[in-house]
file input_1.cif (mmCIF, C-alpha atoms)
data_data
loop_
_atom_site.label_atom_id
_atom_site.label_comp_id
_atom_site.auth_asym_id
_atom_site.auth_seq_id
_atom_site.Cartn_x
_atom_site.Cartn_y
_atom_site.Cartn_z
CA MET A 1 0.00 0.00 0.00
CA GLU A 2 1.27 3.48 -0.87
CA THR A 3 0.60 6.00 1.90
CA LYS A 4 -0.40 9.36 0.39
CA ILE A 5 0.17 12.65 2.17
CA PHE A 6 -2.79 14.98 1.64
CA LEU A 7 -2.55 18.76 1.72
CA PRO A 8 -5.27 20.63 3.68
CA GLU A 9 -7.18 21.41 0.47
CA GLU A 10 -7.35 17.68 -0.35
CA ILE A 11 -9.56 16.56 2.56
CA ASP A 12 -12.33 15.51 0.15
CA ALA A 13 -10.04 12.77 -1.16
CA ALA A 14 -9.15 11.76 2.41
CA ALA A 15 -12.85 11.61 3.33
CA LYS A 16 -13.55 9.29 0.39
CA LEU A 17 -10.88 6.89 1.62
CA LEU A 18 -12.36 6.85 5.14
CA LEU A 19 -15.86 6.22 3.78
CA ALA A 20 -14.40 3.30 1.79
CA GLY A 21 -13.12 1.72 5.01
CA GLU A 22 -9.49 2.88 4.70
CA LEU A 23 -7.29 4.38 7.45
CA VAL A 24 -6.25 8.03 7.29
CA ALA A 25 -4.19 9.91 9.89
CA PHE A 26 -5.36 13.41 10.82
CA PRO A 27 -4.03 16.39 12.78
CA THR A 28 -5.35 17.66 16.10
CA GLU A 29 -4.06 20.31 18.49
CA THR A 30 -2.51 17.58 20.67
CA VAL A 31 -1.01 14.79 18.50
CA TYR A 32 -1.86 13.19 15.15
CA GLY A 33 -4.67 10.62 15.30
CA LEU A 34 -5.22 7.50 13.23
CA GLY A 35 -8.68 7.73 11.74
CA ALA A 36 -11.21 5.09 10.71
CA LEU A 37 -15.00 5.30 10.68
CA ALA A 38 -16.03 4.52 14.26
CA THR A 39 -19.10 2.66 12.98
CA ASP A 40 -17.10 0.38 10.66
CA GLU A 41 -15.96 -2.60 12.74
CA LYS A 42 -13.61 -3.96 10.07
CA ALA A 43 -11.91 -0.59 9.62
CA VAL A 44 -11.57 -0.18 13.40
CA LYS A 45 -9.93 -3.61 13.70
CA ASN A 46 -7.48 -2.54 10.99
CA VAL A 47 -6.45 0.36 13.24
CA TYR A 48 -5.31 -2.13 15.89
CA ALA A 49 -3.41 -4.10 13.25
CA ALA A 50 -1.69 -1.05 11.73
CA LYS A 51 -0.53 0.19 15.13
CA GLY A 52 0.24 -3.22 16.62
CA ARG A 53 -2.09 -2.17 19.44
CA PRO A 54 -3.60 -4.65 21.93
CA SER A 55 -7.26 -5.22 21.07
CA ASP A 56 -8.43 -4.72 24.67
CA ASN A 57 -7.24 -1.09 24.64
CA PRO A 58 -10.41 0.94 23.87
CA LEU A 59 -10.37 3.76 21.33
CA ILE A 60 -11.38 7.41 21.62
CA VAL A 61 -14.28 8.44 19.39
CA THR A 62 -13.62 11.78 17.70
CA VAL A 63 -16.76 13.83 16.98
CA ALA A 64 -17.60 17.14 15.33
CA ASP A 65 -19.76 18.42 18.20
CA GLU A 66 -22.12 17.53 21.04
CA THR A 67 -24.94 16.75 18.59
CA MET A 68 -22.90 14.01 16.95
CA MET A 69 -21.77 12.68 20.34
CA SER A 70 -25.37 12.43 21.57
CA LYS A 71 -26.11 9.85 18.84
CA TYR A 72 -23.71 7.43 20.53
CA ALA A 73 -23.77 8.42 24.21
CA LYS A 74 -26.53 6.89 26.33
CA ALA A 75 -27.00 10.32 27.93
CA VAL A 76 -25.15 13.63 28.19
CA PRO A 77 -25.39 14.66 31.86
CA LYS A 78 -25.41 18.27 33.06
CA ARG A 79 -21.84 18.10 34.29
CA ALA A 80 -20.69 16.92 30.87
CA LYS A 81 -22.46 19.88 29.28
CA LYS A 82 -20.62 22.23 31.63
CA LEU A 83 -17.27 20.87 30.50
CA LEU A 84 -18.26 20.88 26.82
CA LYS A 85 -19.25 24.54 27.04
CA LYS A 86 -15.91 25.50 28.59
CA PHE A 87 -13.41 23.17 26.91
CA TRP A 88 -14.80 21.95 23.55
CA PRO A 89 -13.42 22.02 21.00
CA GLY A 90 -10.19 21.38 22.86
CA PRO A 91 -7.85 18.87 24.52
CA LEU A 92 -10.47 17.21 26.72
CA THR A 93 -11.86 13.69 26.32
CA ILE A 94 -15.03 12.76 28.21
CA LEU A 95 -15.92 9.19 29.17
CA LEU A 96 -19.68 8.48 29.16
CA GLU A 97 -21.95 5.45 29.03
CA VAL A 98 -22.36 4.27 25.45
CA LYS A 99 -25.75 3.86 23.78
CA PRO A 100 -26.18 0.07 23.44
CA GLY A 101 -25.48 -1.19 19.92
CA SER A 102 -24.42 2.19 18.55
CA LEU A 103 -20.71 1.38 18.26
CA PRO A 104 -18.77 -1.84 17.56
CA GLU A 105 -17.19 -3.73 20.44
CA ALA A 106 -13.84 -3.12 18.75
CA VAL A 107 -14.24 0.55 19.72
CA THR A 108 -15.39 0.09 23.31
CA GLY A 109 -13.31 -2.96 24.23
CA GLY A 110 -16.57 -4.55 25.33
CA LEU A 111 -17.12 -1.92 28.03
CA LYS A 112 -20.36 -0.03 28.67
CA THR A 113 -18.51 3.28 28.32
CA VAL A 114 -16.82 5.15 25.51
CA ALA A 115 -14.52 8.19 25.39
CA PHE A 116 -15.50 11.19 23.23
CA ARG A 117 -13.30 14.01 21.97
CA CYS A 118 -13.82 17.11 19.81
CA PRO A 119 -10.38 18.44 18.73
CA ASP A 120 -9.60 22.12 18.31
CA ASN A 121 -8.47 21.71 14.71
CA LYS A 122 -10.40 23.21 11.78
CA LEU A 123 -9.14 20.61 9.29
CA THR A 124 -10.28 17.65 11.36
CA HIS A 125 -13.55 19.34 12.28
CA ALA A 126 -14.25 19.88 8.58
CA LEU A 127 -13.30 16.27 7.82
CA ILE A 128 -15.69 14.76 10.39
CA THR A 129 -18.50 17.14 9.44
CA LYS A 130 -18.04 16.13 5.80
CA LEU A 131 -18.16 12.43 6.73
CA GLY A 132 -21.25 12.77 8.88
CA TYR A 133 -19.85 10.04 11.13
CA PRO A 134 -17.39 10.03 14.05
CA ILE A 135 -13.93 8.54 13.61
CA VAL A 136 -11.73 6.72 16.06
CA GLY A 137 -8.58 8.64 16.86
CA PRO A 138 -5.78 6.83 18.71
CA SER A 139 -2.34 8.35 18.22
CA ALA A 140 -1.05 7.62 14.72
CA ASN A 141 2.12 5.79 15.70
CA THR A 142 3.40 2.28 16.20
CA SER A 143 2.11 1.10 19.57
CA THR A 144 4.52 1.81 22.51
CA LYS A 145 6.47 4.42 20.50
CA PRO A 146 6.37 8.21 21.14
CA SER A 147 3.20 9.84 19.84
CA PRO A 148 3.46 11.76 16.54
CA THR A 149 3.34 15.56 16.46
CA THR A 150 3.99 15.98 12.72
CA ALA A 151 2.81 14.24 9.54
CA GLN A 152 6.41 13.12 9.01
CA HIS A 153 6.37 11.26 12.34
CA VAL A 154 3.26 9.39 11.18
CA PHE A 155 4.84 8.57 7.82
CA HIS A 156 7.94 7.25 9.61
CA ASP A 157 5.86 4.74 11.62
CA LEU A 158 2.96 3.85 9.35
CA ASN A 159 4.12 4.28 5.75
CA GLY A 160 2.68 1.37 3.75
CA LYS A 161 0.26 0.44 6.55
CA ILE A 162 -2.38 3.16 6.08
CA ALA A 163 -3.94 4.84 3.05
CA GLY A 164 -3.17 8.45 3.83
CA ILE A 165 -2.08 11.26 6.14
CA ILE A 166 -3.59 14.75 6.22
CA ASP A 167 -0.69 17.15 6.80
CA GLY A 168 -1.85 19.93 9.09
CA GLY A 169 1.64 20.95 10.20
CA PRO A 170 3.11 20.54 13.71
CA THR A 171 0.61 20.14 16.54
CA LYS A 172 0.20 22.96 19.07
CA VAL A 173 -0.07 21.15 22.41
CA GLY A 174 2.14 18.09 21.87
CA LEU A 175 0.68 15.83 24.60
CA GLU A 176 -2.55 13.84 24.34
CA SER A 177 -5.82 15.16 25.76
CA THR A 178 -6.96 15.00 29.36
CA ILE A 179 -9.43 12.12 29.88
CA ILE A 180 -12.11 12.51 32.55
CA ASP A 181 -14.52 9.75 33.50
CA LEU A 182 -18.05 11.08 34.02
CA SER A 183 -19.67 7.63 34.12
CA VAL A 184 -18.94 7.36 37.84
CA ALA A 185 -20.34 9.13 40.90
CA THR A 186 -17.23 11.24 41.48
CA PRO A 187 -15.46 12.43 38.30
CA ILE A 188 -11.97 11.04 37.91
CA VAL A 189 -9.12 12.00 35.60
CA LEU A 190 -7.91 8.81 33.93
CA ARG A 191 -5.14 10.49 31.92
CA PRO A 192 -3.67 13.94 32.65
CA GLY A 193 -3.33 16.48 29.89
CA ALA A 194 -3.24 20.21 29.23
CA ILE A 195 -6.48 20.73 31.17
CA THR A 196 -5.75 20.09 34.85
CA PRO A 197 -7.98 18.40 37.47
CA GLU A 198 -8.11 21.75 39.27
CA GLU A 199 -9.53 23.46 36.18
CA LEU A 200 -12.09 20.69 35.71
CA GLY A 201 -13.15 20.83 39.34
CA SER A 202 -13.53 24.60 39.15
CA VAL A 203 -15.98 24.32 36.24
CA LEU A 204 -17.87 21.36 37.72
CA GLN A 205 -17.94 22.86 41.22
CA GLU A 206 -17.24 19.44 42.67
CA LYS A 207 -14.32 17.27 43.66
CA VAL A 208 -12.35 15.62 40.84
CA LEU A 209 -10.24 12.57 41.65
CA ILE A 210 -7.00 11.58 39.92
CA ASN A 211 -6.44 7.97 38.91
CA SER A 212 -3.33 6.51 40.51
CA GLY A 213 -4.04 2.79 40.26
CA LYS A 214 -2.76 0.30 37.71
CA VAL A 215 -4.92 -1.90 35.49
CA SER A 216 -4.31 -5.62 36.00
CA GLU A 217 -3.41 -7.92 33.11
CA LYS A 218 -6.88 -9.49 33.07
CA ASP A 219 -8.83 -6.20 33.14
CA VAL A 220 -9.80 -3.99 30.19
CA PRO A 221 -8.66 -0.37 30.71
CA LYS A 222 -11.42 2.26 30.54
CA ALA A 223 -9.24 4.64 28.51
CA PRO A 224 -6.01 4.67 26.49
CA GLY A 225 -2.69 4.92 28.30
CA MET A 226 -3.74 3.15 31.49
CA LYS A 227 -2.37 -0.36 31.02
CA TYR A 228 0.35 -0.78 28.41
CA ARG A 229 3.87 0.56 27.91
CA HIS A 230 3.83 3.82 25.97
CA TYR A 231 5.97 6.52 24.39
CA ALA A 232 9.28 4.66 24.62
CA PRO A 233 12.18 5.01 22.14
CA SER A 234 14.56 2.08 21.63
CA ALA A 235 17.23 3.45 24.00
CA PRO A 236 16.48 3.43 27.75
CA VAL A 237 15.11 6.70 29.14
CA ILE A 238 16.18 7.94 32.59
CA ILE A 239 14.47 10.83 34.39
CA VAL A 240 16.72 13.38 36.11
CA ASP A 241 14.69 15.01 38.89
CA ASN A 242 17.33 17.32 40.38
CA LEU A 243 19.13 19.74 38.07
CA ALA A 244 22.33 19.40 40.10
CA ASP A 245 22.44 15.70 39.22
CA PHE A 246 23.16 16.48 35.57
CA LYS A 247 26.70 17.33 36.76
CA ALA A 248 27.16 13.86 38.25
CA ILE A 249 26.35 11.98 35.03
CA THR A 250 29.23 10.54 33.02
CA TYR A 251 28.68 11.55 29.40
CA ASP A 252 30.04 9.97 26.22
CA ASN A 253 29.07 9.93 22.53
CA GLN A 254 26.40 7.27 23.22
CA THR A 255 24.67 9.49 25.79
CA ALA A 256 21.81 11.86 24.97
CA VAL A 257 20.22 14.62 27.03
CA MET A 258 16.81 16.29 26.72
CA ALA A 259 16.35 19.36 28.89
CA LEU A 260 15.39 23.02 28.95
CA ASN A 261 17.76 25.44 27.26
CA PRO A 262 19.53 26.76 30.43
CA VAL A 263 20.32 23.18 31.52
CA LEU A 264 21.61 22.06 28.12
CA ALA A 265 23.93 25.06 27.90
CA LYS A 266 25.94 23.69 30.84
CA ILE A 267 26.32 20.13 29.48
CA ASP A 268 29.47 19.27 27.53
CA LEU A 269 28.14 17.12 24.71
CA PRO A 270 28.08 17.50 20.92
CA GLN A 271 24.97 19.31 19.72
CA VAL A 272 23.73 16.15 17.98
CA ASN A 273 23.53 14.46 21.41
CA LYS A 274 21.36 17.21 22.89
CA PHE A 275 17.69 18.08 22.36
CA ASN A 276 16.39 21.43 23.51
CA LEU A 277 12.99 21.10 25.19
CA GLY A 278 12.60 24.89 25.14
CA ASP A 279 12.52 27.59 27.78
CA ASN A 280 9.65 26.50 30.03
CA LEU A 281 7.23 23.70 30.92
CA SER A 282 4.81 24.59 28.13
CA ASP A 283 7.66 24.25 25.62
CA ALA A 284 8.68 20.95 27.19
CA ASP A 285 5.12 19.59 26.84
CA HIS A 286 5.16 20.56 23.17
CA ASN A 287 8.61 19.12 22.44
CA LEU A 288 8.79 15.94 24.57
CA PHE A 289 7.65 13.44 21.93
CA ALA A 290 9.67 15.12 19.18
CA GLY A 291 12.79 14.75 21.33
CA LEU A 292 12.17 11.08 22.07
CA ARG A 293 11.66 10.46 18.35
CA TYR A 294 14.80 12.43 17.47
CA PHE A 295 16.97 10.07 19.49
CA ASP A 296 15.00 6.99 18.46
CA ASP A 297 16.39 7.59 14.96
CA GLN A 298 19.99 7.54 16.22
CA PRO A 299 21.13 3.92 16.73
CA LYS A 300 24.37 5.03 18.42
CA ILE A 301 22.44 6.49 21.37
CA LYS A 302 22.31 3.96 24.22
CA GLN A 303 20.90 6.10 27.03
CA ILE A 304 18.68 9.20 27.15
CA TYR A 305 18.61 11.44 30.23
CA VAL A 306 15.52 13.66 30.38
CA GLN A 307 14.77 16.56 32.70
CA GLY A 308 11.91 15.89 35.09
CA PHE A 309 9.58 18.41 36.71
CA ASN A 310 8.04 18.13 40.15
CA GLY A 311 5.30 20.04 41.86
CA SER A 312 2.05 21.45 40.52
CA GLN A 313 -0.77 19.85 38.57
CA ALA A 314 0.59 21.62 35.49
CA THR A 315 3.49 19.13 35.42
CA MET A 316 1.27 16.04 35.62
CA ALA A 317 0.78 15.46 31.89
CA TYR A 318 4.49 15.83 31.09
CA MET A 319 5.57 13.55 33.92
CA ASN A 320 2.87 10.98 33.15
CA ARG A 321 4.23 10.54 29.61
CA LEU A 322 7.86 10.69 30.71
CA GLU A 323 7.34 8.13 33.49
CA LYS A 324 5.86 5.72 30.94
CA ALA A 325 8.67 6.34 28.45
CA ALA A 326 11.21 5.69 31.20
CA ALA A 327 9.30 2.75 32.74
CA GLY A 328 9.66 4.61 36.05
CA HIS A 329 13.48 4.79 35.98
CA HIS A 330 14.96 7.83 37.74
CA TYR A 331 18.60 8.85 38.01
CA ARG A 332 20.10 8.30 41.45
CA VAL A 333 23.50 9.71 42.41
CA LYS A 334 25.76 6.84 43.49
#
call {"tool": "encode", "arguments": {"input": "input_1.cif", "output": "C-alpha cells"}}
result
Amino acid sequence: METKIFLPEEIDAAAKLLLAGELVAFPTETVYGLGALATDEKAVKNVYAAKGRPSDNPLIVTVADETMMSKYAKAVPKRAKKLLKKFWPGPLTILLEVKPGSLPEAVTGGLKTVAFRCPDNKLTHALITKLGYPIVGPSANTSTKPSPTTAQHVFHDLNGKIAGIIDGGPTKVGLESTIIDLSVATPIVLRPGAITPEELGSVLQEKVLINSGKVSEKDVPKAPGMKYRHYAPSAPVIIVDNLADFKAITYDNQTAVMALNPVLAKIDLPQVNKFNLGDNLSDADHNLFAGLRYFDDQPKIKQIYVQGFNGSQATMAYMNRLEKAAAGHHYRVK
C-alpha cells in the first residue's frame, strides 16, 4: 500500500478513503490521530493491526460536536455539558456510558462506556463534518512508540500500513488530551493532559479525583494509556529530577540529554547528542515526543537522560508521559 500525504485542500479525497473503510491519519491540536469510521468494525480492527495495538485497549471516538456525540452516548449529563461549554473544542476527552449497539465492540473494548473528543483543529472538524460520522482517533504511531506531532512522524511509523495522512503541520499542544470519566459518581481524571484536574473541578464545582491505580493484566482499561507501555524510544530513558544531578552523570558519545535550554547550555556534549525542550514547561510539553523520536532515529544512542519536573498539577501530563517512556526509571546519584 502506498501511503499518500494529503494537503489541507485535499480533505475531500481523504474523506472518500475513510468512507471506503481505509485508514487516514489526521491532525489535532494535541497529537496526530489515526482515523477510521467509528461505525465500521472492520476498519476499526485494521487500526489495531496497523498500530500493533492490543485489542483490549479501547479507542477514543472523535466527533464534530455535542450533537454528533449524543447519537452514541446513552445520555449527556449536566456536568458533561458544563465541561463541553468550557473546553470543547479542545484537549479534553469525556468518558460516558455508550448507547447500546451504537458502536462496535472493537471501539469500546466490550465496556459499557466510551470516550468522546472534539479536537480544536479546523481541518479535522471539517473532515468529520463532511463524513457525517465520528472517527476513532488513537495516536497515529506504532504502539509503545512516542506519539506523533507531525505528519512526518506518522509517515515514519505507518508508511505502507495506512492509506493516507492529512498534513496539518506541527501540533500545538504536543501531549494527548486529558481524559475525565463522568460515568462514575465522582469524576476522575484517567489520563492527565493540558487541562488540569483543578480546572475541571472549578468548572464542575465538585471534587475531581486523579487515577493513581494500575490496570491488572486481566482487566480492560477504561481509557487509552492506562495499562500498556507507551511513548518509549529504543534506548532506555532515565528521568533526572534534580538539576544538580546532571553534573554527576558521566557523558560519552552514546549518551543523549533532553532538557530546557539553560540546563543544556551547561552540558558538555556535541549538539547532535542534545535536544532542547525549550525555555519553560509549556515548551517541554510541546517538544517531549519530538525529542524522544529524534533520538530513536539515532542507533548510536544507548541512554537518554531527560529533565523531570516536580510540583504542581501543570506538570502532571508531562511527567505521566515521561514516566511511561522511562518505565519509572529515575537517576540516582551513586
call {"tool": "closest_residue", "arguments": {"input": "input_1.cif", "among": "A:Gly311, A:Leu127, A:Val208, A:Asn287", "to": "Asp12 in chain A", "atoms": "only C-alpha atoms"}}
result
A:Leu127
call {"tool": "residues_around", "arguments": {"input": "input_1.cif", "residues": "range 129-137 of chain A", "least_positions_apart": "5", "cutoff": "7 Å", "atoms": "all atoms listed in the file", "output": "PyMOL selection string"}}
result
chain A and resi 15+33-38+59-64
call {"tool": "resolve_selection", "arguments": {"input": "input_1.cif", "expression": "the PyMOL selection byres ((chain A and resi 115) around 7)", "output": "number ranges by chain"}}
result
A: 60-61, 93-96, 113-114, 116-117
call {"tool": "write_last_selection", "arguments": {"input": "input_1.cif", "atoms": "C-alpha atoms", "output": "PDB file, in the coordinates of the input"}}
result
ATOM      1  CA  ILE A  60     -11.380   7.410  21.620  1.00  0.00           C
ATOM      2  CA  VAL A  61     -14.280   8.440  19.390  1.00  0.00           C
ATOM      3  CA  THR A  93     -11.860  13.690  26.320  1.00  0.00           C
ATOM      4  CA  ILE A  94     -15.030  12.760  28.210  1.00  0.00           C
ATOM      5  CA  LEU A  95     -15.920   9.190  29.170  1.00  0.00           C
ATOM      6  CA  LEU A  96     -19.680   8.480  29.160  1.00  0.00           C
ATOM      7  CA  THR A 113     -18.510   3.280  28.320  1.00  0.00           C
ATOM      8  CA  VAL A 114     -16.820   5.150  25.510  1.00  0.00           C
ATOM      9  CA  PHE A 116     -15.500  11.190  23.230  1.00  0.00           C
ATOM     10  CA  ARG A 117     -13.300  14.010  21.970  1.00  0.00           C
TER      11      ARG A 117
END
call {"tool": "atom_distance", "arguments": {"input": "input_1.cif", "atom1": "CA of Ala256 in chain A", "atom2": "CA of Val154 in chain A"}}
result
23.2 Å
call {"tool": "resolve_selection", "arguments": {"input": "input_1.cif", "expression": "the PyMOL selection byres ((chain A and resi 174) around 8)", "output": "MDAnalysis selection string"}}
result
chainID A and resid 29:31 149 171:173 175:176 285:289
call {"tool": "residues_around", "arguments": {"input": "input_1.cif", "residues": "Ala317 in chain A", "least_positions_apart": "3", "cutoff": "6 Å", "atoms": "all atoms listed in the file", "output": "PyMOL selection string"}}
result
chain A and resi 192-193+320
call {"tool": "residues_around", "arguments": {"input": "input_1.cif", "residues": "Val24 in chain A", "least_positions_apart": "5", "cutoff": "8 Å", "atoms": "only C-alpha atoms", "output": "list in words"}}
result
Ala14, Leu17, Leu18, Leu34, Gly35, Ala36, Ile162, Ala163, Gly164, Ile165 and Ile166 of chain A
call {"tool": "residues_around", "arguments": {"input": "input_1.cif", "residues": "Pro233 in chain A", "least_positions_apart": "6", "cutoff": "12 Å", "atoms": "all atoms listed in the file", "output": "number ranges by chain"}}
result
A: 141-147, 288-299, 301-304, 322, 324-327
call {"tool": "closest_residue", "arguments": {"input": "input_1.cif", "among": "A:Leu84, A:Ala284, A:Ala25, A:Ala20", "to": "Tyr318 in chain A", "atoms": "all atoms listed in the file"}}
result
A:Ala284
call {"tool": "residues_near_point", "arguments": {"input": "input_1.cif", "point": "(-6.8, -0.7, 12.8)", "cutoff": "10 Å", "atoms": "only C-alpha atoms", "output": "ChimeraX atom specification"}}
result
/A:22-23,34-36,41-53,55,106,136,138,161-162
call {"tool": "residues_near_point", "arguments": {"input": "input_1.cif", "point": "(-11.0, 15.2, 40.9)", "cutoff": "8 Å", "atoms": "all atoms listed in the file", "output": "MDAnalysis selection string"}}
result
chainID A and resid 186:189 197:198 200:201 206:210
call {"tool": "resolve_selection", "arguments": {"input": "input_1.cif", "expression": "the PyMOL selection byres ((chain A and resi 258-268) around 10)", "output": "PyMOL selection string"}}
result
chain A and resi 239-240+243-244+246-247+249+251-252+256-257+269-271+273-281+283-284+287-288+291-292+295+304-308
call {"tool": "closest_residue", "arguments": {"input": "input_1.cif", "among": "A:Val76, A:Ala126, A:Ile179, A:Leu190", "to": "Glu10 in chain A", "atoms": "only C-alpha atoms"}}
result
A:Ala126
call {"tool": "closest_residue", "arguments": {"input": "input_1.cif", "among": "A:Glu323, A:Glu199, A:Glu97, A:Glu105", "to": "Asp40 in chain A", "atoms": "all atoms listed in the file"}}
result
A:Glu105
call {"tool": "atom_distance", "arguments": {"input": "input_1.cif", "atom1": "CA of Ser70 in chain A", "atom2": "CA of Pro8 in chain A"}}
result
28.1 Å
